[in-house]
Structure formats: C-alpha cells, structure tokens
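structure_25.cif (mmCIF, C-alpha atoms and all ligand atoms)
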```
data_coords
#
loop_
_atom_site.group_PDB
_atom_site.id
_atom_site.type_symbol
_atom_site.label_atom_id
_atom_site.label_comp_id
_atom_site.auth_asym_id
_atom_site.auth_seq_id
_atom_site.Cartn_x
_atom_site.Cartn_y
_atom_site.Cartn_z
ATOM 1 C CA MET A 1 21.927 -28.838 5.956
ATOM 2 C CA VAL A 2 21.452 -26.035 3.443
ATOM 3 C CA THR A 3 18.484 -23.998 4.622
ATOM 4 C CA ARG A 4 16.213 -21.611 2.783
ATOM 5 C CA SER A 5 14.353 -18.734 4.351
ATOM 6 C CA GLY A 6 12.537 -15.618 3.342
ATOM 7 C CA PHE A 7 9.693 -13.183 3.780
ATOM 8 C CA VAL A 8 6.342 -13.461 2.041
ATOM 9 C CA ALA A 9 4.259 -10.279 1.999
ATOM 10 C CA ILE A 10 0.558 -11.078 1.853
ATOM 11 C CA ALA A 11 -1.571 -8.446 0.135
ATOM 12 C CA GLY A 12 -5.255 -8.303 -0.594
ATOM 13 C CA ARG A 13 -8.420 -6.323 -0.060
ATOM 14 C CA PRO A 14 -9.961 -6.369 3.403
ATOM 15 C CA ASN A 15 -11.970 -9.499 4.092
ATOM 16 C CA VAL A 16 -10.560 -11.670 1.295
ATOM 17 C CA GLY A 17 -9.330 -14.090 3.953
ATOM 18 C CA LYS A 18 -5.687 -13.151 4.535
ATOM 19 C CA SER A 19 -5.782 -13.795 8.257
ATOM 20 C CA THR A 20 -7.563 -17.107 7.732
ATOM 21 C CA LEU A 21 -4.901 -18.088 5.206
ATOM 22 C CA VAL A 22 -2.051 -17.157 7.558
ATOM 23 C CA ASN A 23 -3.675 -19.280 10.238
ATOM 24 C CA ALA A 24 -4.065 -22.174 7.802
ATOM 25 C CA LEU A 25 -0.428 -21.928 6.716
ATOM 26 C CA VAL A 26 0.917 -21.608 10.233
ATOM 27 C CA GLY A 27 -1.525 -24.033 11.807
ATOM 28 C CA ARG A 28 -2.081 -21.927 14.902
ATOM 29 C CA LYS A 29 -4.315 -19.013 15.755
ATOM 30 C CA ILE A 30 -2.114 -15.993 15.043
ATOM 31 C CA ALA A 31 -3.938 -13.384 13.062
ATOM 32 C CA ILE A 32 -7.350 -12.395 14.267
ATOM 33 C CA VAL A 33 -10.291 -13.251 12.054
ATOM 34 C CA SER A 34 -13.374 -11.129 11.787
ATOM 35 C CA ASP A 35 -16.029 -10.502 9.183
ATOM 36 C CA LYS A 36 -15.502 -6.744 9.538
ATOM 37 C CA ALA A 37 -13.318 -5.082 6.971
ATOM 38 C CA GLN A 38 -9.805 -4.067 7.868
ATOM 39 C CA THR A 39 -9.254 -6.092 10.971
ATOM 40 C CA THR A 40 -5.524 -6.173 10.621
ATOM 41 C CA ARG A 41 -4.069 -2.787 11.524
ATOM 42 C CA ARG A 42 -0.586 -4.044 12.119
ATOM 43 C CA ALA A 43 1.530 -6.291 9.973
ATOM 44 C CA ILE A 44 1.134 -9.606 11.768
ATOM 45 C CA ARG A 45 3.676 -12.282 11.033
ATOM 46 C CA GLY A 46 3.387 -15.984 11.165
ATOM 47 C CA VAL A 47 6.393 -18.278 10.774
ATOM 48 C CA VAL A 48 6.164 -21.605 8.956
ATOM 49 C CA THR A 49 9.180 -23.876 9.309
ATOM 50 C CA HIS A 50 9.055 -27.064 7.274
ATOM 51 C CA GLU A 51 12.118 -29.261 6.938
ATOM 52 C CA ASP A 52 14.836 -27.090 5.355
ATOM 53 C CA THR A 53 12.697 -24.021 4.635
ATOM 54 C CA GLN A 54 11.337 -21.195 6.727
ATOM 55 C CA LEU A 55 8.705 -18.749 5.521
ATOM 56 C CA VAL A 56 8.044 -15.566 7.424
ATOM 57 C CA LEU A 57 4.539 -14.418 6.534
ATOM 58 C CA THR A 58 3.688 -10.773 6.757
ATOM 59 C CA ASP A 59 -0.028 -10.249 6.921
ATOM 60 C CA LEU A 60 -0.314 -6.798 5.449
ATOM 61 C CA PRO A 61 -3.123 -4.389 6.157
ATOM 62 C CA GLY A 62 -5.384 -3.793 3.137
ATOM 63 C CA VAL A 63 -3.722 -1.596 0.545
ATOM 64 C CA GLN A 64 -6.079 1.325 0.270
ATOM 65 C CA ARG A 65 -6.116 4.884 -0.842
ATOM 66 C CA PRO A 66 -5.026 7.035 2.098
ATOM 67 C CA ARG A 67 -7.986 8.410 4.029
ATOM 68 C CA ASP A 68 -6.560 9.611 7.308
ATOM 69 C CA THR A 69 -3.197 9.680 9.059
ATOM 70 C CA LEU A 70 -3.430 6.067 10.148
ATOM 71 C CA THR A 71 -4.101 4.820 6.660
ATOM 72 C CA GLU A 72 -1.239 6.824 5.202
ATOM 73 C CA ARG A 73 1.029 5.210 7.729
ATOM 74 C CA MET A 74 -0.345 1.798 6.753
ATOM 75 C CA GLN A 75 0.392 2.537 3.134
ATOM 76 C CA ARG A 76 3.984 3.456 3.911
ATOM 77 C CA ARG A 77 4.310 0.236 5.852
ATOM 78 C CA VAL A 78 2.957 -1.805 2.933
ATOM 79 C CA GLU A 79 5.488 -0.341 0.528
ATOM 80 C CA GLN A 80 8.306 -0.844 2.997
ATOM 81 C CA GLU A 81 7.308 -4.476 3.590
ATOM 82 C CA LEU A 82 7.210 -5.236 -0.126
ATOM 83 C CA GLY A 83 10.702 -3.858 -0.505
ATOM 84 C CA GLU A 84 11.958 -6.195 2.190
ATOM 85 C CA SER A 85 10.229 -9.357 0.959
ATOM 86 C CA ASP A 86 11.320 -12.355 -1.103
ATOM 87 C CA ALA A 87 7.862 -13.005 -2.526
ATOM 88 C CA ALA A 88 4.460 -11.374 -2.547
ATOM 89 C CA LEU A 89 1.221 -13.273 -2.210
ATOM 90 C CA MET A 90 -1.932 -11.576 -3.383
ATOM 91 C CA VAL A 91 -5.197 -13.018 -2.131
ATOM 92 C CA LEU A 92 -8.422 -12.625 -4.102
ATOM 93 C CA ASN A 93 -11.972 -13.343 -3.003
ATOM 94 C CA ALA A 94 -13.619 -15.649 -5.548
ATOM 95 C CA VAL A 95 -17.081 -14.947 -4.140
ATOM 96 C CA GLU A 96 -16.830 -11.228 -4.903
ATOM 97 C CA GLY A 97 -14.743 -11.509 -8.067
ATOM 98 C CA VAL A 98 -11.992 -9.172 -9.233
ATOM 99 C CA GLY A 99 -12.856 -5.502 -8.638
ATOM 100 C CA PRO A 100 -11.243 -2.050 -8.721
ATOM 101 C CA GLY A 101 -9.717 -2.614 -5.260
ATOM 102 C CA ASP A 102 -7.914 -5.717 -6.515
ATOM 103 C CA ARG A 103 -6.666 -3.858 -9.584
ATOM 104 C CA PHE A 104 -5.368 -1.064 -7.346
ATOM 105 C CA ILE A 105 -3.364 -3.584 -5.317
ATOM 106 C CA ALA A 106 -2.234 -5.386 -8.469
ATOM 107 C CA ALA A 107 -0.868 -2.092 -9.737
ATOM 108 C CA ALA A 108 1.062 -1.657 -6.487
ATOM 109 C CA LEU A 109 2.447 -5.192 -6.819
ATOM 110 C CA ARG A 110 3.406 -4.810 -10.451
ATOM 111 C CA GLY A 111 6.378 -2.720 -9.347
ATOM 112 C CA ALA A 112 7.506 -5.378 -6.874
ATOM 113 C CA LYS A 113 10.905 -6.815 -7.689
ATOM 114 C CA VAL A 114 10.011 -10.188 -6.197
ATOM 115 C CA PRO A 115 7.934 -13.109 -7.541
ATOM 116 C CA VAL A 116 4.210 -12.541 -7.130
ATOM 117 C CA VAL A 117 1.833 -15.432 -6.469
ATOM 118 C CA VAL A 118 -1.948 -15.140 -6.545
ATOM 119 C CA ALA A 119 -4.259 -17.191 -4.335
ATOM 120 C CA VAL A 120 -7.923 -17.268 -5.298
ATOM 121 C CA ASN A 121 -9.704 -17.886 -2.007
ATOM 122 C CA LYS A 122 -13.157 -19.001 -0.807
ATOM 123 C CA LEU A 123 -13.559 -21.599 -3.531
ATOM 124 C CA ASP A 124 -15.766 -23.572 -1.191
ATOM 125 C CA ARG A 125 -18.457 -20.994 -1.897
ATOM 126 C CA CYS A 126 -18.214 -21.066 -5.699
ATOM 127 C CA ASP A 127 -19.568 -23.322 -8.422
ATOM 128 C CA ARG A 128 -17.396 -24.592 -11.264
ATOM 129 C CA THR A 129 -18.316 -21.885 -13.779
ATOM 130 C CA LYS A 130 -17.483 -19.170 -11.283
ATOM 131 C CA VAL A 131 -14.129 -20.781 -10.474
ATOM 132 C CA VAL A 132 -13.147 -20.868 -14.160
ATOM 133 C CA THR A 133 -14.129 -17.203 -14.682
ATOM 134 C CA MET A 134 -12.315 -16.209 -11.521
ATOM 135 C CA LEU A 135 -9.080 -17.954 -12.478
ATOM 136 C CA LYS A 136 -9.180 -16.237 -15.857
ATOM 137 C CA ASP A 137 -9.798 -12.835 -14.216
ATOM 138 C CA ALA A 138 -6.944 -13.494 -11.810
ATOM 139 C CA GLU A 139 -4.649 -14.245 -14.728
ATOM 140 C CA ASP A 140 -5.790 -11.084 -16.508
ATOM 141 C CA LEU A 141 -4.513 -8.997 -13.601
ATOM 142 C CA GLY A 142 -1.166 -9.722 -15.207
ATOM 143 C CA ILE A 143 0.897 -9.906 -12.052
ATOM 144 C CA ALA A 144 1.473 -13.642 -11.601
ATOM 145 C CA ASP A 145 2.147 -16.779 -13.601
ATOM 146 C CA ASP A 146 1.253 -18.950 -10.676
ATOM 147 C CA ILE A 147 -2.337 -18.854 -9.548
ATOM 148 C CA PHE A 148 -3.571 -21.104 -6.773
ATOM 149 C CA PRO A 149 -7.239 -21.852 -6.184
ATOM 150 C CA ILE A 150 -7.729 -22.362 -2.448
ATOM 151 C CA SER A 151 -10.123 -22.448 0.446
ATOM 152 C CA ALA A 152 -8.253 -21.056 3.433
ATOM 153 C CA HIS A 153 -11.275 -21.928 5.523
ATOM 154 C CA LYS A 154 -11.305 -25.625 4.600
ATOM 155 C CA GLY A 155 -7.588 -25.922 3.915
ATOM 156 C CA ASP A 156 -8.053 -26.982 0.267
ATOM 157 C CA GLY A 157 -5.092 -26.093 -1.930
ATOM 158 C CA VAL A 158 -3.129 -24.641 0.986
ATOM 159 C CA VAL A 159 -0.397 -27.314 0.901
ATOM 160 C CA ALA A 160 0.242 -26.799 -2.832
ATOM 161 C CA LEU A 161 0.495 -23.057 -2.252
ATOM 162 C CA LEU A 162 2.864 -23.569 0.656
ATOM 163 C CA GLU A 163 5.083 -25.889 -1.400
ATOM 164 C CA HIS A 164 5.266 -23.330 -4.181
ATOM 165 C CA LEU A 165 6.172 -20.515 -1.784
ATOM 166 C CA ARG A 166 8.877 -22.686 -0.216
ATOM 167 C CA GLY A 167 10.419 -23.118 -3.664
ATOM 168 C CA LEU A 168 10.702 -19.345 -4.053
ATOM 169 C CA MET A 169 12.768 -18.803 -0.929
ATOM 170 C CA PRO A 170 16.475 -18.068 -1.298
ATOM 171 C CA GLU A 171 19.166 -20.007 0.528
ATOM 172 C CA GLY A 172 19.834 -18.569 3.954
ATOM 173 C CA PRO A 173 19.753 -19.210 7.680
ATOM 174 C CA PHE A 174 16.456 -19.391 9.599
ATOM 175 C CA TYR A 175 15.288 -16.101 11.084
ATOM 176 C CA PHE A 176 13.445 -17.776 13.942
ATOM 177 C CA SER A 177 13.929 -20.953 15.909
ATOM 178 C CA PRO A 178 11.803 -23.704 14.323
ATOM 179 C CA GLU A 179 9.418 -23.732 17.326
ATOM 180 C CA GLU A 180 8.448 -20.102 16.905
ATOM 181 C CA THR A 181 5.260 -19.305 15.031
ATOM 182 C CA SER A 182 5.111 -15.565 15.586
ATOM 183 C CA ASP A 183 7.604 -12.829 16.366
ATOM 184 C CA GLN A 184 4.970 -10.610 17.869
ATOM 185 C CA ALA A 185 5.443 -9.602 21.414
ATOM 186 C CA GLU A 186 3.052 -11.626 23.514
ATOM 187 C CA HIS A 187 1.163 -8.510 24.581
ATOM 188 C CA VAL A 188 0.384 -7.562 20.968
ATOM 189 C CA LEU A 189 -1.140 -10.967 20.355
ATOM 190 C CA LEU A 190 -3.132 -10.739 23.595
ATOM 191 C CA ALA A 191 -4.382 -7.260 22.693
ATOM 192 C CA GLU A 192 -5.529 -8.565 19.316
ATOM 193 C CA LEU A 193 -7.460 -11.348 21.015
ATOM 194 C CA VAL A 194 -9.292 -8.768 23.151
ATOM 195 C CA ARG A 195 -9.932 -6.528 20.137
ATOM 196 C CA GLU A 196 -11.368 -9.452 18.204
ATOM 197 C CA GLN A 197 -14.129 -9.697 20.807
ATOM 198 C CA VAL A 198 -14.836 -5.958 20.497
ATOM 199 C CA LEU A 199 -15.129 -6.332 16.699
ATOM 200 C CA ARG A 200 -17.509 -9.245 17.048
ATOM 201 C CA ARG A 201 -19.903 -7.322 19.262
ATOM 202 C CA THR A 202 -19.939 -3.771 17.927
ATOM 203 C CA ARG A 203 -21.285 -2.151 14.786
ATOM 204 C CA GLN A 204 -20.673 0.805 12.466
ATOM 205 C CA GLU A 205 -17.891 3.162 13.452
ATOM 206 C CA VAL A 206 -17.201 1.628 16.838
ATOM 207 C CA PRO A 207 -15.067 -1.371 15.809
ATOM 208 C CA HIS A 208 -12.516 0.746 13.992
ATOM 209 C CA ALA A 209 -12.410 3.442 16.643
ATOM 210 C CA VAL A 210 -11.203 0.986 19.273
ATOM 211 C CA GLU A 211 -7.581 0.205 19.963
ATOM 212 C CA VAL A 212 -6.577 -2.221 22.687
ATOM 213 C CA VAL A 213 -3.331 -1.954 24.629
ATOM 214 C CA ILE A 214 -2.145 -4.459 27.192
ATOM 215 C CA ASP A 215 -1.032 -2.300 30.085
ATOM 216 C CA ASP A 216 0.282 -4.902 32.466
ATOM 217 C CA ILE A 217 0.837 -8.647 32.665
ATOM 218 C CA PHE A 218 1.495 -9.903 36.170
ATOM 219 C CA GLN A 219 2.245 -13.567 36.682
ATOM 220 C CA GLU A 220 0.882 -14.226 40.146
ATOM 221 C CA ARG A 221 1.450 -17.981 40.205
ATOM 222 C CA ASP A 222 2.719 -20.573 37.739
ATOM 223 C CA ASP A 223 -0.842 -21.226 36.610
ATOM 224 C CA PHE A 224 -2.402 -17.791 37.183
ATOM 225 C CA VAL A 225 -1.783 -14.444 35.517
ATOM 226 C CA ARG A 226 -3.397 -11.013 35.841
ATOM 227 C CA VAL A 227 -3.739 -9.053 32.586
ATOM 228 C CA ARG A 228 -4.746 -5.396 32.499
ATOM 229 C CA ALA A 229 -6.012 -4.096 29.146
ATOM 230 C CA LEU A 230 -6.956 -0.561 28.114
ATOM 231 C CA MET A 231 -9.514 -0.045 25.371
ATOM 232 C CA TRP A 232 -9.020 3.342 23.734
ATOM 233 C CA VAL A 233 -11.979 4.939 21.964
ATOM 234 C CA GLU A 234 -12.523 8.329 20.341
ATOM 235 C CA THR A 235 -15.744 9.591 21.925
ATOM 236 C CA GLU A 236 -17.760 9.389 25.131
ATOM 237 C CA SER A 237 -20.616 7.779 23.206
ATOM 238 C CA GLN A 238 -18.329 5.005 21.954
ATOM 239 C CA LYS A 239 -17.216 4.504 25.535
ATOM 240 C CA GLY A 240 -20.885 4.204 26.514
ATOM 241 C CA ILE A 241 -21.495 1.608 23.814
ATOM 242 C CA LEU A 242 -18.474 -0.448 24.877
ATOM 243 C CA ILE A 243 -19.534 -0.427 28.506
ATOM 244 C CA GLY A 244 -23.174 -1.098 27.658
ATOM 245 C CA THR A 245 -26.279 -0.873 29.820
ATOM 246 C CA GLY A 246 -25.310 -1.805 33.339
ATOM 247 C CA GLY A 247 -21.867 -2.862 32.068
ATOM 248 C CA LYS A 248 -23.368 -5.696 30.052
ATOM 249 C CA MET A 249 -21.230 -5.193 26.935
ATOM 250 C CA ILE A 250 -17.870 -4.889 28.657
ATOM 251 C CA LYS A 251 -18.729 -7.923 30.752
ATOM 252 C CA ALA A 252 -19.514 -9.984 27.629
ATOM 253 C CA ILE A 253 -16.304 -8.827 25.913
ATOM 254 C CA GLY A 254 -14.283 -9.534 29.053
ATOM 255 C CA THR A 255 -15.690 -13.018 29.618
ATOM 256 C CA LYS A 256 -15.046 -14.205 26.071
ATOM 257 C CA ALA A 257 -11.669 -12.447 25.793
ATOM 258 C CA ARG A 258 -10.537 -14.004 29.080
ATOM 259 C CA LYS A 259 -11.289 -17.474 27.704
ATOM 260 C CA GLU A 260 -9.292 -16.697 24.556
ATOM 261 C CA LEU A 261 -6.363 -15.446 26.655
ATOM 262 C CA GLU A 262 -6.525 -18.557 28.826
ATOM 263 C CA ARG A 263 -6.352 -20.726 25.746
ATOM 264 C CA GLU A 264 -3.428 -18.750 24.353
ATOM 265 C CA MET A 265 -1.455 -18.564 27.610
ATOM 266 C CA GLY A 266 -2.369 -22.025 28.857
ATOM 267 C CA MET A 267 -3.248 -20.853 32.348
ATOM 268 C CA GLN A 268 -5.952 -19.175 34.401
ATOM 269 C CA VAL A 269 -6.311 -15.480 33.571
ATOM 270 C CA HIS A 270 -7.830 -12.584 35.450
ATOM 271 C CA LEU A 271 -8.617 -9.914 32.859
ATOM 272 C CA ASP A 272 -9.127 -6.324 33.928
ATOM 273 C CA LEU A 273 -10.636 -4.169 31.144
ATOM 274 C CA THR A 274 -10.772 -0.360 31.235
ATOM 275 C CA VAL A 275 -12.283 1.930 28.587
ATOM 276 C CA ARG A 276 -10.613 5.305 28.006
ATOM 277 C CA VAL A 277 -11.449 8.153 25.673
ATOM 278 C CA ARG A 278 -8.706 9.694 23.595
ATOM 279 C CA HIS A 279 -10.144 12.272 21.229
ATOM 280 C CA GLY A 280 -8.948 11.873 17.646
ATOM 281 C CA TRP A 281 -6.247 9.315 18.445
ATOM 282 C CA ARG A 282 -6.033 8.252 14.818
ATOM 283 C CA GLY A 283 -4.304 11.504 13.913
ATOM 284 C CA ASP A 284 -2.015 11.586 16.921
ATOM 285 C CA ASP A 285 1.477 10.411 16.010
ATOM 286 C CA ARG A 286 2.694 10.251 19.591
ATOM 287 C CA LEU A 287 -0.128 7.965 20.629
ATOM 288 C CA LEU A 288 0.308 5.848 17.501
ATOM 289 C CA ASP A 289 3.947 5.383 18.461
ATOM 290 C CA ARG A 290 2.983 4.361 21.976
ATOM 291 C CA LEU A 291 0.544 1.850 20.553
ATOM 292 C CA GLY A 292 3.316 0.490 18.372
ATOM 293 C CA ILE A 293 1.571 1.368 15.099
ATOM 294 C CA GLU A 294 4.114 2.509 12.569
HETATM 295 N N1 LIG B 1 -16.283 -19.579 2.914
HETATM 296 C C1 LIG B 1 -15.050 -19.137 3.180
HETATM 297 N N2 LIG B 1 -14.878 -18.094 3.992
HETATM 298 C C2 LIG B 1 -13.623 -17.663 4.226
HETATM 299 C C3 LIG B 1 -12.499 -18.278 3.629
HETATM 300 N N3 LIG B 1 -11.398 -17.614 4.052
HETATM 301 C C4 LIG B 1 -11.825 -16.647 4.873
HETATM 302 N N4 LIG B 1 -13.172 -16.662 4.995
HETATM 303 C C5 LIG B 1 -14.011 -15.756 5.797
HETATM 304 O O1 LIG B 1 -13.904 -14.445 5.316
HETATM 305 C C6 LIG B 1 -13.957 -13.482 6.369
HETATM 306 C C7 LIG B 1 -12.725 -12.596 6.335
HETATM 307 O O2 LIG B 1 -11.572 -13.380 6.619
HETATM 308 P P1 LIG B 1 -10.252 -12.742 7.238
HETATM 309 O O3 LIG B 1 -9.243 -13.819 7.272
HETATM 310 O O4 LIG B 1 -10.536 -11.981 8.480
HETATM 311 O O5 LIG B 1 -9.935 -11.701 6.085
HETATM 312 P P2 LIG B 1 -8.711 -10.702 5.941
HETATM 313 O O6 LIG B 1 -8.396 -10.587 4.516
HETATM 314 O O7 LIG B 1 -7.608 -11.085 6.841
HETATM 315 O O8 LIG B 1 -9.388 -9.400 6.434
HETATM 316 P P3 LIG B 1 -8.682 -8.092 7.028
HETATM 317 O O9 LIG B 1 -7.687 -8.539 8.031
HETATM 318 O O10 LIG B 1 -9.857 -7.415 7.613
HETATM 319 O O11 LIG B 1 -8.082 -7.382 5.867
HETATM 320 C C8 LIG B 1 -14.091 -14.305 7.657
HETATM 321 O O12 LIG B 1 -15.452 -14.361 7.984
HETATM 322 C C9 LIG B 1 -13.555 -15.669 7.249
HETATM 323 O O13 LIG B 1 -14.109 -16.712 8.014
HETATM 324 C C10 LIG B 1 -12.711 -19.392 2.764
HETATM 325 O O14 LIG B 1 -11.811 -20.019 2.209
HETATM 326 N N5 LIG B 1 -14.018 -19.761 2.568
#
```
Please express what this file holds, its structure, as structure tokens.
Ligand SMILES: Nc1nc2c(ncn2[C@@H]2O[C@H](COP(=O)(O)OP(=O)(O)OP(=O)(O)O)[C@@H](O)[C@H]2O)c(=O)[nH]1
Amino acid sequence: MVTRSGFVAIAGRPNVGKSTLVNALVGRKIAIVSDKAQTTRRAIRGVVTHEDTQLVLTDLPGVQRPRDTLTERMQRRVEQELGESDAALMVLNAVEGVGPGDRFIAAALRGAKVPVVVAVNKLDRCDRTKVVTMLKDAEDLGIADDIFPISAHKGDGVVALLEHLRGLMPEGPFYFSPEETSDQAEHVLLAELVREQVLRRTRQEVPHAVEVVIDDIFQERDDFVRVRALMWVETESQKGILIGTGGKMIKAIGTKARKELEREMGMQVHLDLTVRVRHGWRGDDRLLDRLGIE
C-alpha cells in the first residue's frame, strides 16, 4: 500500500478553538480546552491515521508579538514548526470576526512554503449573514484558496476539512503506529490535565503563572498508580491562592484532576499535589529546559 503522511501546523489566535479542533480531528481528548487565552504553551500533537494517510497535527501556541522570554521562545518554535510542516491550517473565530491578530498571523503564514488552509470556526454561534461576511473576510486575508466553515465544537464540517488535509499530504511512510494518537510523553499529557483544572478555577494573572510538572509516576499495582505533581508559581500570594482557605482550592483541583487522570490512565490514581514558588520562572532558561519548554 502506498501511504501518505505529513505534518499540519495549526495556527490561530488564542481561543479560536484550535485545541477543540484537534480533539475533533483526533477523536480523543488530547489538547486541553479552556476559555482562558493561551492555554497551549507547548506544541501539542495529535495523530490522525485514516486508511492510507496519516496526519500529524501540531497545535501551535498563539502567534503573538514577543512580550517576555517565554513568548519569544514560543515564537521561535512557531517559525521552526512551519518550516517543518507539509501544510498549515489557520483557524479563525467567526464570532469575533477577522482582527489585527489574525492579520498578524496571516502575514507570518504568507511566507510559508506549504499549502495554507483556513478553517472558520464556531459557526454554530453565527447567523447566515455573519457567516457570509466572515467567509469573505477570510478570503480577503489572501493566504488560502481553500476555506472551510466549521464548528469544531459540534463537529460540523470537520470531515470535509480532514479529507482536504489528507489530500495535501505527500507520499511517505507513517511516522507513528496507526494506534497512536499523540507522541507526547504520558507525563506531559497528565500535567496538562492537572493544569486544565488550575485554569478553570483561577482568575487574572494566576492561570498563566502556573506550570505543572509531573515529578513521579509510581505504578503500585496493575490497577493503581501514584502520581506526584508539582505546581510551580511565581509568588507567595499565587501559592496562597492555589492552596486556598484551609486548602479548599488545592483540594478541589486535586479531586477533579485525579478523576481526569483516572479516565486517561484507565486505573485508580492517587494524586499528590505540591505548590512551589519559583520567582520569575518565565525568564529562567534553565527551568524552562527542565520543564521541557523550548
Ligand atoms: N460555540 C463554539 N465554541 C467553540 C468552538 N470551538 C471551540 N469553542 C470554544 O472556544 C473556547 C476556546 O477553545 P480552545 O480549543 O481552547 O481554543 P484554542 O484556540 O486552542 O485556545 P488556546 O489554546 O488558548 O490558544 C472554548 O471554550 C471552546 O469550548 C465551536 O465550534 N463553537
């Protein structure tokens, strides 16, 4: 059998629904979903294998103007990923319309030497007039001939998009065995599941100041595993918020995160959460390396 395989770099402003789309394409919970901007700090991949074609999806962090060390590193990663991809998929949010952020990303994609596809997402929240305007605006970005109206949330239009992307992949051997849906180390996925619960429960600067690292996974029995996770924050006050009055917050995060881990790992989980303060970790290259953030 002649197989096709390739990498699809997914770009788009924070919150347009990239993670939801990756999940819809892969059909499994891979990328974390949150209504807070910039959830995805690392490039998270999902793998879709269908018949003779394999797509490796790279869920890129939002392309943004560099603000601090971490964001500059993100930017470098975005450019590197585009250079190593076979197609780029830009996601737009039809509810918010095309804005300066989208044009900034479009400009970055214009230099890409691979086919660019645009997905206009969240159509379930738009009326007909808005959809027509949005498709026109998407076309006016001038980066893609192929524009797909979709609802990643409901799954509408996702199959057509997937079929189109499959057609863009060059001939080549599969990168992953057909059963694999993600190349992430298990601990990265588990850490993201814990962090998702932090994002859901905290406000303002706290969500983005928190990084979760899985410190230890100890399989005690076939059906029981102990997971130790460290939550790094930048200040004592953030630590206080995460722990909460009488430990209420950390308990709530831990309970929900444990259930998510149990679902992911398919066994009983004991989750041990510790909060640690690391002042200014965003600017610390050594710590970023340890956390696996490039
Ligand atoms: N109504 C509707 N909501 C959607 C759709 N797709 C995503 N959302 C919602 O939009 C929000 C952001 O979705 P994400 O998938 O986290 O967005 P993202 O682009 O990955 O965001 P970052 O990772 O933060 O850059 C979530 O609340 C999703 O449930 C859609 O098709 N329709």
note = Of A:Val194, A:Val275, A:Val131, A:Ile217, the one sitting nearest Met231 in chain A when using only C-alpha atoms is A:Val275
Residues near Thr133 in chain A, cut-off 9 Å, only C-alpha atoms, skip fewer than 5 positions along chain, as a ChimeraX atom specification = /A:97,128,138
Selection to disk with C-alpha atoms, as a short mmCIF file (atom, residue, chain, number, x, y, z; two decimals), in the frame of the given file:
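Generated output (again_26.cif):
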```cif
data_model
loop_
_atom_site.label_atom_id
_atom_site.label_comp_id
_atom_site.auth_asym_id
_atom_site.auth_seq_id
_atom_site.Cartn_x
_atom_site.Cartn_y
_atom_site.Cartn_z
CA GLY A 97 -14.74 -11.51 -8.07
CA ARG A 128 -17.40 -24.59 -11.26
CA ALA A 138 -6.94 -13.49 -11.81
#
```
With 8 Å of padding per side, what axis-aligned box (centre and edge lengths, Å, one decimal) covers all the listed atoms of ligand LIG 1 (chain B)? Give it as lines of an AutoDock Vina configuration file.
```
center_x = -11.9
center_y = -13.7
center_z = 5.3
size_x = 24.7
size_y = 28.6
size_z = 22.3
```
query = In terms of the shortest atom-to-atom distance over only C-alpha atoms, which of A:Asp86, A:Asp102, A:Asp124, A:Glu186 is closest to Leu168 in chain A?
reply = A:Asp86
task = Name all residues at most 7 Å from range 88-90 of chain A (count only C-alpha atoms; drop same-chain ones fewer than 4 positions away) and give them as a PyMOL selection string.
result = chain A and resi 8-12+114-119
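Atom to atom, CA of Val213 in chain A and CA of Leu271 in chain A stand 12.6 Å apart.
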query = Hey, can you check how far atom O2 of ligand LIG 1 (chain B) sits from CA of Val16 in chain A?
reply = 5.7 Å
Residues within 10 Å of (-0.6, -16.0, 36.4), file coordinates, counting only C-alpha atoms: what are they? Give the list as a PDB file with C-alpha atoms, in the frame of the given file.
```pdb
ATOM      1  CA  ILE A 217       0.837  -8.647  32.665  1.00  0.00           C
ATOM      2  CA  PHE A 218       1.495  -9.903  36.170  1.00  0.00           C
ATOM      3  CA  GLN A 219       2.245 -13.567  36.682  1.00  0.00           C
ATOM      4  CA  GLU A 220       0.882 -14.226  40.146  1.00  0.00           C
ATOM      5  CA  ARG A 221       1.450 -17.981  40.205  1.00  0.00           C
ATOM      6  CA  ASP A 222       2.719 -20.573  37.739  1.00  0.00           C
ATOM      7  CA  ASP A 223      -0.842 -21.226  36.610  1.00  0.00           C
ATOM      8  CA  PHE A 224      -2.402 -17.791  37.183  1.00  0.00           C
ATOM      9  CA  VAL A 225      -1.783 -14.444  35.517  1.00  0.00           C
ATOM     10  CA  ARG A 226      -3.397 -11.013  35.841  1.00  0.00           C
ATOM     11  CA  VAL A 227      -3.739  -9.053  32.586  1.00  0.00           C
ATOM     12  CA  GLU A 262      -6.525 -18.557  28.826  1.00  0.00           C
ATOM     13  CA  MET A 265      -1.455 -18.564  27.610  1.00  0.00           C
ATOM     14  CA  GLY A 266      -2.369 -22.025  28.857  1.00  0.00           C
ATOM     15  CA  MET A 267      -3.248 -20.853  32.348  1.00  0.00           C
ATOM     16  CA  GLN A 268      -5.952 -19.175  34.401  1.00  0.00           C
ATOM     17  CA  VAL A 269      -6.311 -15.480  33.571  1.00  0.00           C
ATOM     18  CA  HIS A 270      -7.830 -12.584  35.450  1.00  0.00           C
TER      19      HIS A 270
END
```
key: Contacts of Ser151 in chain A within 7 Å, all atoms listed in the file, excl. fewer than 3 positions in-chain, as number ranges by chain   = A: 121-124, 154-157
Selected residues written out, C-alpha atoms, as an mmCIF file, in the frame of the given file:
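Saved file part37.cif follows:
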```
data_model
loop_
_atom_site.group_PDB
_atom_site.id
_atom_site.type_symbol
_atom_site.label_atom_id
_atom_site.label_comp_id
_atom_site.auth_asym_id
_atom_site.auth_seq_id
_atom_site.Cartn_x
_atom_site.Cartn_y
_atom_site.Cartn_z
ATOM 1 C CA ASN A 121 -9.704 -17.886 -2.007
ATOM 2 C CA LYS A 122 -13.157 -19.001 -0.807
ATOM 3 C CA LEU A 123 -13.559 -21.599 -3.531
ATOM 4 C CA ASP A 124 -15.766 -23.572 -1.191
ATOM 5 C CA LYS A 154 -11.305 -25.625 4.600
ATOM 6 C CA GLY A 155 -7.588 -25.922 3.915
ATOM 7 C CA ASP A 156 -8.053 -26.982 0.267
ATOM 8 C CA GLY A 157 -5.092 -26.093 -1.930
#
```
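CA of Val120 in chain A is found 12.8 Å from atom O5 of ligand LIG 1 (chain B).
Nearest-residue note for ligand LIG 1 (chain B): choosing from A:Val98, A:Ala209, A:Val198, A:Leu92, the minimum distance belongs to A:Leu92, counting all atoms listed in the file.
Minimum distance to Ala160 in chain A across A:Ala144, A:Pro178, A:Leu25, A:Val277 (counting all atoms listed in the file) occurs at A:Leu25.
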Please write range 241-257 of chain A of the preceding block to a file containing C-alpha atoms, as a tab-separated table (two decimals), in the first residue's frame?
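Output file selection03.tsv follows:
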```tsv
chain	number	residue	atom	x	y	z
A	241	ILE	CA	-4.48	31.43	46.08
A	242	LEU	CA	-3.75	27.94	44.74
A	243	ILE	CA	-3.87	26.41	48.19
A	244	GLY	CA	-6.95	28.40	49.19
A	245	THR	CA	-8.53	28.92	52.59
A	246	GLY	CA	-7.98	25.79	54.62
A	247	GLY	CA	-6.63	24.06	51.50
A	248	LYS	CA	-10.01	24.25	49.79
A	249	MET	CA	-8.70	25.25	46.35
A	250	ILE	CA	-5.94	22.67	46.08
A	251	LYS	CA	-8.37	20.02	47.27
A	252	ALA	CA	-10.88	20.96	44.55
A	253	ILE	CA	-8.16	20.99	41.87
A	254	GLY	CA	-6.80	17.67	43.12
A	255	THR	CA	-10.17	15.91	43.23
A	256	LYS	CA	-11.16	16.89	39.70
A	257	ALA	CA	-7.66	16.37	38.27
```
